[in-house]
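Inspection log for the structure reproduced underneath, given as structure tokens.
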Amino acid sequence: MGSKNATSFQISFAVLFVLMTAVTVAVIAVFFVSVRSEADLKSTEEPSTHYQIGAGRADCTGPIANLPMMGYANPDQTAAGLHTRLFSRAFIVADPSTSKRVVFVSSDIGMISQKLRLEVLKRLKTKYGNLYRQDNVVLSGTHTHSGPAGYFQYTLCLITSKGYIKPSINALINGIIKSIDIAHKNMKPGKIFVNKGTVEGSNINRSPYSYLQNPKEERARYKSNTDTELVLLKMEDLDGQAIGILSWFAVHPVSMNNSNHLVSSDNMGHASYLFEQDKNVGCLPGEGPFVAAFASTNLGDVSANTLGPHCINTGETCDNSNSTCPIGGSSMCMSSGPGKDMFESTAIIGRSIYNKAKELFRTATREIKGPINFAHQWVNMTDVTVQFNSTHKGHTCKPALGYSFAAGTTDGVGAFNFTQGTVEGDPFWDSIRDMLLGKPSNETQKCHHPKPILFNTGYMSKPLPWHPDIVDVQILTIGTLAIVAVPGEFTTMSGRRLRENVKRELESTGTLKDVDVVVAGLCNVYTHYITTYEEYQVQRYEGASTIYGPHTLSAYIQLFKGLAKAIAENSVDKLPQGPEPPNYPDKLLVSLLLPNPVDKKPTNTSFGDVLIDVQALYKPGDIAEVTFISGNPRNSVALLAGGTFLTVERYDNVTGDWTVMYNDASWDTRFSGYRIPSSWKLHTFKGGFEWIFGPCPVSEW
């Protein structure tokens with residue numbers, strides 16, 4: 001009996017113990033679930049006090065000889081050397097509390113083509129899975145007009161680029177991917193600060209007549225007919241060590257004019273060069289951990305040639321509305337920069353931008369905080385209905401270019417004496433167009449009115465479509481900063497209207513306040529220009545190049561407002577992805593370049609033979625020059641990216657060592673060549689600049 005009772009007691013105690021343990025575990029579990037739920041809620045509403053930040057830079061120069069440059073569409077402007085190397089600069093910002101991240105890449109190229117973006121995304125998918133995608137990666141071009149061409153898939157740009165040039169696009173793909181790889185590898189906890197300031201005397205409006213067509217009351221709200229404000233993001237780690245800067249300023253990189261034959265990053269690249277040399281002490285250009293990007297924004301009607309247009313044959317002022325001269329017509333009306341030549345003008349504009357950026361970097365104290373978000377859609381821009389109000393609406397058009405497109409701008413005039421501001425066709429050119437390219441339908445002409453159509457590209461599909469139908473619209477937000485990635489060149493007032501509308505939409509729910517909106521230009525796919533409806537009516541170059549018709553800007557504003565609303569209302573996942581753009585296979589994209597001849601040296605010479613040697617002695621400010629026999633640089637595949645075609649070295653009489661002082665990315669050097677009967681003569685130049693040298697920090701890459 002006792003034994004039985006004892007057993008019952010032990011069993012009862014065991015049951016009680018199990019029950020108490022279960023209750024305790026349940027209480028603890030509920031507690032942790034509660035704590036975790038609060039933490040999860042907190043992580044959604046209150047992101048971490050810091051971001052994860054990475055910055056990377058990589059060479060993307062590509063071929064530097066015997067191929068067209070991208071920007072002026074001048075058939076005579078072929079590359080024949082190197083002024084400065086081209087770089088891709090990538091920034092990754094991630095929110096540790098939500099795992100969301102965004103990537104912004106600014107590359108020293110004319111613009112991002114759709115083919116280039118799709119190939120980069122394909123490589124990122126292979127390498128990183130779904131980490132970096134079309135919705136959280138923005139690719140932007142600085143818009144230098146002195147970079148290699150040949151990386152497009154649509155016929156119009158294939159023609160002006162002499163086809164599809166694989167070495168060009170491969171160098172860009174590799175450089176962009178490598179810059180992202182470096183940024184990804186170097187990510188660390190950090191903070192971002194934003195600052196703004198006015199850059200004086202560094203840009204002018206090259207179409208002031210068009211700008212004046214905008215409503216007077218709207219123009220009265222602004223001090224200038226260009227945006228003169230530079231927006232700068234300062235990035236640093238939690239120890240206060242600088243990681244890099246990302247900035248935007250409205251200016252065309254056309255200080256290097258269309259007579260230039262040296263690959264160059266132009267004025268914005270020079271600003272990057274100065275800032276990076278200042279921060280990466282002891283490093284050669286292209287080396288060191290600090291990355292400084294000066295990206296494009298709404299620069300459509302903004303020139304770096306601050307002395308403005310004048311008649312180069314008489315010195316007279318050009319006609320304001322048509323940019324023509326009494327003698328010589330439009331071909332004589334050209335703008336000039338502030339320097340004695342294009343190299344000095346590039347340096348002056350670049351240094352002015354750099355000086356303001358350096359000041360803003362030093363005084364930046366307003367920290368960006370808040371969640372990271374992004375929204376993206378592919379849109380058929382040829383078929384957008386714009387709802388102006390309950391009773392009025394408009395439509396975009398199939399792509400077409402107007403007569404004034406052929407006139408060019410005062411930064412680089414066109415051919416055949418076409419003039420800007422042309423609102424009526426010409427019987428001769430109309431007949432040529434109709435015979436060779438086909439006559440635009442009445443519907444198309446009505447849609448594009450008052451544009452007289454020169455190239456009816458939306459209906460031209462041989463050998464491939466001449467212009468894109470499907471384009472990207474995309475917004476990234478980092479806390480209270482919004483980056484609106486636009487697929488072309490917005491004019492000053494177009495950019496202002498877009499910024500205002502996006503800001504209003506992002507702040508509409510009250511979740512975001514005091515949002516800074518940046519328009520990032522020439523992103524993801526190139527669709528030429530975007531003017532206001534009023535600017536379009538006078539059909540200067542920018543209006544004639546607004547390819548989707550007079551309501552293009554209104555359509556973009558409507559689309560970007562939709563993205564901004566989705567971000568503000570946390571409903572991005574409900575946005576339709578849209579129709580995916582084509583990625584035409586390489587086999588359909590033909591190069592029109594003649595094969596590069598096999599290198600041959602003149603009789604009785606050897607490669608490397610020096611024809612003009614350096615002098616024995618120089619004084620400060622002198623230029624050292626050497627001329628030697630070389631192969632064609634386009635045959636030097638190993639040096640397309642990441643290498644150097646030249647170095648300038650200093651000899652130490654005490655140690656007997658040579659130290660590299662300059663490379664071909666240095667502002668102080670120029671590498672140019674010209675063909676002699678069976679080879680190239682090549683020159684290198686070094687200017688008289690102060691030498692700065694010392695131990696270079698080793699990158700983590």
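Simple scheme: letters A, B, ... for chains in structure tokens order, numbers from 1 for residues in each chain, numbers from 1 for ligands in the order shown.
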* 9 Å contact set for A:Asn355, only C-alpha atoms, chain neighbours under 6 positions out, as an NGL selection string -> :A and (199 or 271 or 275)
Dump as a JSON list (two decimals), in the first residue's frame, selection limited to all heavy atoms:
[["chain", "number", "residue", "atom", "x", "y", "z"],
["A", 199, "VAL", "N", 26.91, 76.49, -57.35],
["A", 199, "VAL", "CA", 28.16, 76.55, -58.12],
["A", 199, "VAL", "C", 28.05, 77.75, -59.07],
["A", 199, "VAL", "O", 27.18, 77.77, -59.94],
["A", 199, "VAL", "CB", 28.40, 75.26, -58.93],
["A", 199, "VAL", "CG1", 29.73, 75.33, -59.65],
["A", 199, "VAL", "CG2", 28.35, 74.05, -58.02],
["A", 271, "ALA", "N", 36.42, 66.73, -62.13],
["A", 271, "ALA", "CA", 36.03, 66.98, -60.75],
["A", 271, "ALA", "C", 36.24, 65.72, -59.90],
["A", 271, "ALA", "O", 36.75, 65.79, -58.77],
["A", 271, "ALA", "CB", 34.57, 67.42, -60.69],
["A", 275, "PHE", "N", 38.95, 65.37, -56.68],
["A", 275, "PHE", "CA", 38.50, 64.99, -55.34],
["A", 275, "PHE", "C", 39.19, 63.70, -54.89],
["A", 275, "PHE", "O", 39.63, 63.57, -53.75],
["A", 275, "PHE", "CB", 36.98, 64.81, -55.33],
["A", 275, "PHE", "CG", 36.33, 65.23, -54.03],
["A", 275, "PHE", "CD1", 35.34, 66.20, -54.00],
["A", 275, "PHE", "CD2", 36.71, 64.65, -52.83],
["A", 275, "PHE", "CE1", 34.75, 66.59, -52.81],
["A", 275, "PHE", "CE2", 36.13, 65.03, -51.63],
["A", 275, "PHE", "CZ", 35.14, 66.01, -51.62]]
Report as JSON lines: every residue of stretch 497-524 of chain A with an atom at most 12 Å from stretch 357-380 of chain A, its closest pair of atoms, and their distance in Å to one decimal, counting only C-alpha atoms, with rows sorted by chain and ascending residue number.
{"residue": "A:Leu506", "atom": "CA", "partner": "A:Asn373", "partner_atom": "CA", "distance": 11.5}
{"residue": "A:Thr511", "atom": "CA", "partner": "A:Gly370", "partner_atom": "CA", "distance": 10.1}
{"residue": "A:Leu512", "atom": "CA", "partner": "A:Gly370", "partner_atom": "CA", "distance": 8.8}
{"residue": "A:Lys513", "atom": "CA", "partner": "A:Gly370", "partner_atom": "CA", "distance": 10.6}
{"residue": "A:Asp514", "atom": "CA", "partner": "A:Ile368", "partner_atom": "CA", "distance": 10.9}
{"residue": "A:Val515", "atom": "CA", "partner": "A:Ile368", "partner_atom": "CA", "distance": 10.0}
{"residue": "A:Asp516", "atom": "CA", "partner": "A:Ile368", "partner_atom": "CA", "distance": 10.0}
{"residue": "A:Asn524", "atom": "CA", "partner": "A:Trp378", "partner_atom": "CA", "distance": 10.8}
Write the residues you've just listed into a file as a PDB file, in the first residue's frame, and include all heavy atoms for each of them.
ATOM      1  N   LEU A 506       5.608  61.776 -52.585  1.00  0.00           N
ATOM      2  CA  LEU A 506       6.295  61.040 -51.522  1.00  0.00           C
ATOM      3  C   LEU A 506       5.883  61.530 -50.137  1.00  0.00           C
ATOM      4  O   LEU A 506       5.849  60.756 -49.174  1.00  0.00           O
ATOM      5  CB  LEU A 506       7.814  61.167 -51.691  1.00  0.00           C
ATOM      6  CG  LEU A 506       8.450  60.352 -52.817  1.00  0.00           C
ATOM      7  CD1 LEU A 506       9.923  60.733 -52.990  1.00  0.00           C
ATOM      8  CD2 LEU A 506       8.335  58.849 -52.557  1.00  0.00           C
ATOM      9  N   THR A 511       4.347  59.964 -44.061  1.00  0.00           N
ATOM     10  CA  THR A 511       5.399  59.052 -43.591  1.00  0.00           C
ATOM     11  C   THR A 511       6.775  59.657 -43.816  1.00  0.00           C
ATOM     12  O   THR A 511       7.667  59.566 -42.967  1.00  0.00           O
ATOM     13  CB  THR A 511       5.299  57.703 -44.327  1.00  0.00           C
ATOM     14  OG1 THR A 511       3.988  57.182 -44.164  1.00  0.00           O
ATOM     15  CG2 THR A 511       6.318  56.712 -43.771  1.00  0.00           C
ATOM     16  N   LEU A 512       6.960  60.271 -44.978  1.00  0.00           N
ATOM     17  CA  LEU A 512       8.203  60.945 -45.294  1.00  0.00           C
ATOM     18  C   LEU A 512       7.986  62.455 -45.265  1.00  0.00           C
ATOM     19  O   LEU A 512       6.973  62.952 -45.780  1.00  0.00           O
ATOM     20  CB  LEU A 512       8.713  60.527 -46.682  1.00  0.00           C
ATOM     21  CG  LEU A 512       9.224  59.094 -46.829  1.00  0.00           C
ATOM     22  CD1 LEU A 512       9.514  58.780 -48.294  1.00  0.00           C
ATOM     23  CD2 LEU A 512      10.481  58.879 -45.998  1.00  0.00           C
ATOM     24  N   LYS A 513       8.942  63.164 -44.693  1.00  0.00           N
ATOM     25  CA  LYS A 513       8.859  64.622 -44.617  1.00  0.00           C
ATOM     26  C   LYS A 513      10.181  65.236 -45.059  1.00  0.00           C
ATOM     27  O   LYS A 513      11.241  64.636 -44.899  1.00  0.00           O
ATOM     28  CB  LYS A 513       8.525  65.068 -43.188  1.00  0.00           C
ATOM     29  CG  LYS A 513       7.168  64.593 -42.686  1.00  0.00           C
ATOM     30  CD  LYS A 513       6.923  65.045 -41.248  1.00  0.00           C
ATOM     31  CE  LYS A 513       5.568  64.551 -40.751  1.00  0.00           C
ATOM     32  NZ  LYS A 513       5.312  64.954 -39.341  1.00  0.00           N
ATOM     33  N   ASP A 514      10.093  66.443 -45.606  1.00  0.00           N
ATOM     34  CA  ASP A 514      11.286  67.183 -46.036  1.00  0.00           C
ATOM     35  C   ASP A 514      12.166  66.330 -46.952  1.00  0.00           C
ATOM     36  O   ASP A 514      13.377  66.192 -46.746  1.00  0.00           O
ATOM     37  CB  ASP A 514      12.097  67.653 -44.826  1.00  0.00           C
ATOM     38  CG  ASP A 514      11.289  68.560 -43.917  1.00  0.00           C
ATOM     39  OD1 ASP A 514      10.526  69.384 -44.448  1.00  0.00           O
ATOM     40  OD2 ASP A 514      11.411  68.431 -42.682  1.00  0.00           O
ATOM     41  N   VAL A 515      11.548  65.767 -47.966  1.00  0.00           N
ATOM     42  CA  VAL A 515      12.265  64.886 -48.895  1.00  0.00           C
ATOM     43  C   VAL A 515      13.093  65.703 -49.885  1.00  0.00           C
ATOM     44  O   VAL A 515      12.616  66.701 -50.434  1.00  0.00           O
ATOM     45  CB  VAL A 515      11.275  63.995 -49.665  1.00  0.00           C
ATOM     46  CG1 VAL A 515      12.003  63.121 -50.678  1.00  0.00           C
ATOM     47  CG2 VAL A 515      10.471  63.133 -48.696  1.00  0.00           C
ATOM     48  N   ASP A 516      14.331  65.305 -50.077  1.00  0.00           N
ATOM     49  CA  ASP A 516      15.183  65.874 -51.117  1.00  0.00           C
ATOM     50  C   ASP A 516      15.082  64.978 -52.346  1.00  0.00           C
ATOM     51  O   ASP A 516      15.383  63.782 -52.274  1.00  0.00           O
ATOM     52  CB  ASP A 516      16.647  65.939 -50.662  1.00  0.00           C
ATOM     53  CG  ASP A 516      16.854  66.941 -49.543  1.00  0.00           C
ATOM     54  OD1 ASP A 516      16.471  68.102 -49.722  1.00  0.00           O
ATOM     55  OD2 ASP A 516      17.398  66.551 -48.486  1.00  0.00           O
ATOM     56  N   ASN A 524      19.812  53.924 -67.522  1.00  0.00           N
ATOM     57  CA  ASN A 524      19.178  52.643 -67.877  1.00  0.00           C
ATOM     58  C   ASN A 524      18.873  52.439 -69.361  1.00  0.00           C
ATOM     59  O   ASN A 524      19.036  51.334 -69.877  1.00  0.00           O
ATOM     60  CB  ASN A 524      17.899  52.431 -67.064  1.00  0.00           C
ATOM     61  CG  ASN A 524      18.168  52.429 -65.561  1.00  0.00           C
ATOM     62  OD1 ASN A 524      19.281  52.151 -65.114  1.00  0.00           O
ATOM     63  ND2 ASN A 524      17.159  52.753 -64.777  1.00  0.00           N
TER      64      ASN A 524
END
* To do: Mind checking which residues fall within 7 Å of A:Met661, counting only C-alpha atoms, ignoring those fewer than 4 positions away in the same chain, and posting them as a list in words?
  =>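 So, after excluding close chain neighbours, the residues are Val648, Glu649 and Arg650 of chain A.
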* Counting only C-alpha atoms, what is within 8 Å of A:His50, bar same-chain residues fewer than 6 positions away, as a list in words? ->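 What passes the distance filter is Asp95, Pro189, Gly190, Lys191 and Lys369 of chain A.
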* All residues 12 Å or closer to A:Ser224, only C-alpha atoms, same chain fewer than 2 positions away omitted, as a list in words -> Thr198, Glu200, Gly201, Asn203, Ile204, Asn205, Pro208, Tyr211, Leu212, Glu218, Arg219, Ala220, Arg221, Tyr222, Thr226, Asp227, Thr228, Glu229, Val302, Thr492 and Met493 of chain A
* Run DSSP on the backbone and grab whatever in stretch 298-529 of chain A lands in strand (DSSP E or B); send it over as a VMD selection string. => chain A and resid 302 to 303 308 to 311 325 329 333 to 336 366 to 367 372 to 380 385 to 387 393 to 395 401 to 402 408 to 409 412 to 413 453 to 455 470 to 478 481 to 485 489 to 490 516 to 520 523 528 to 529
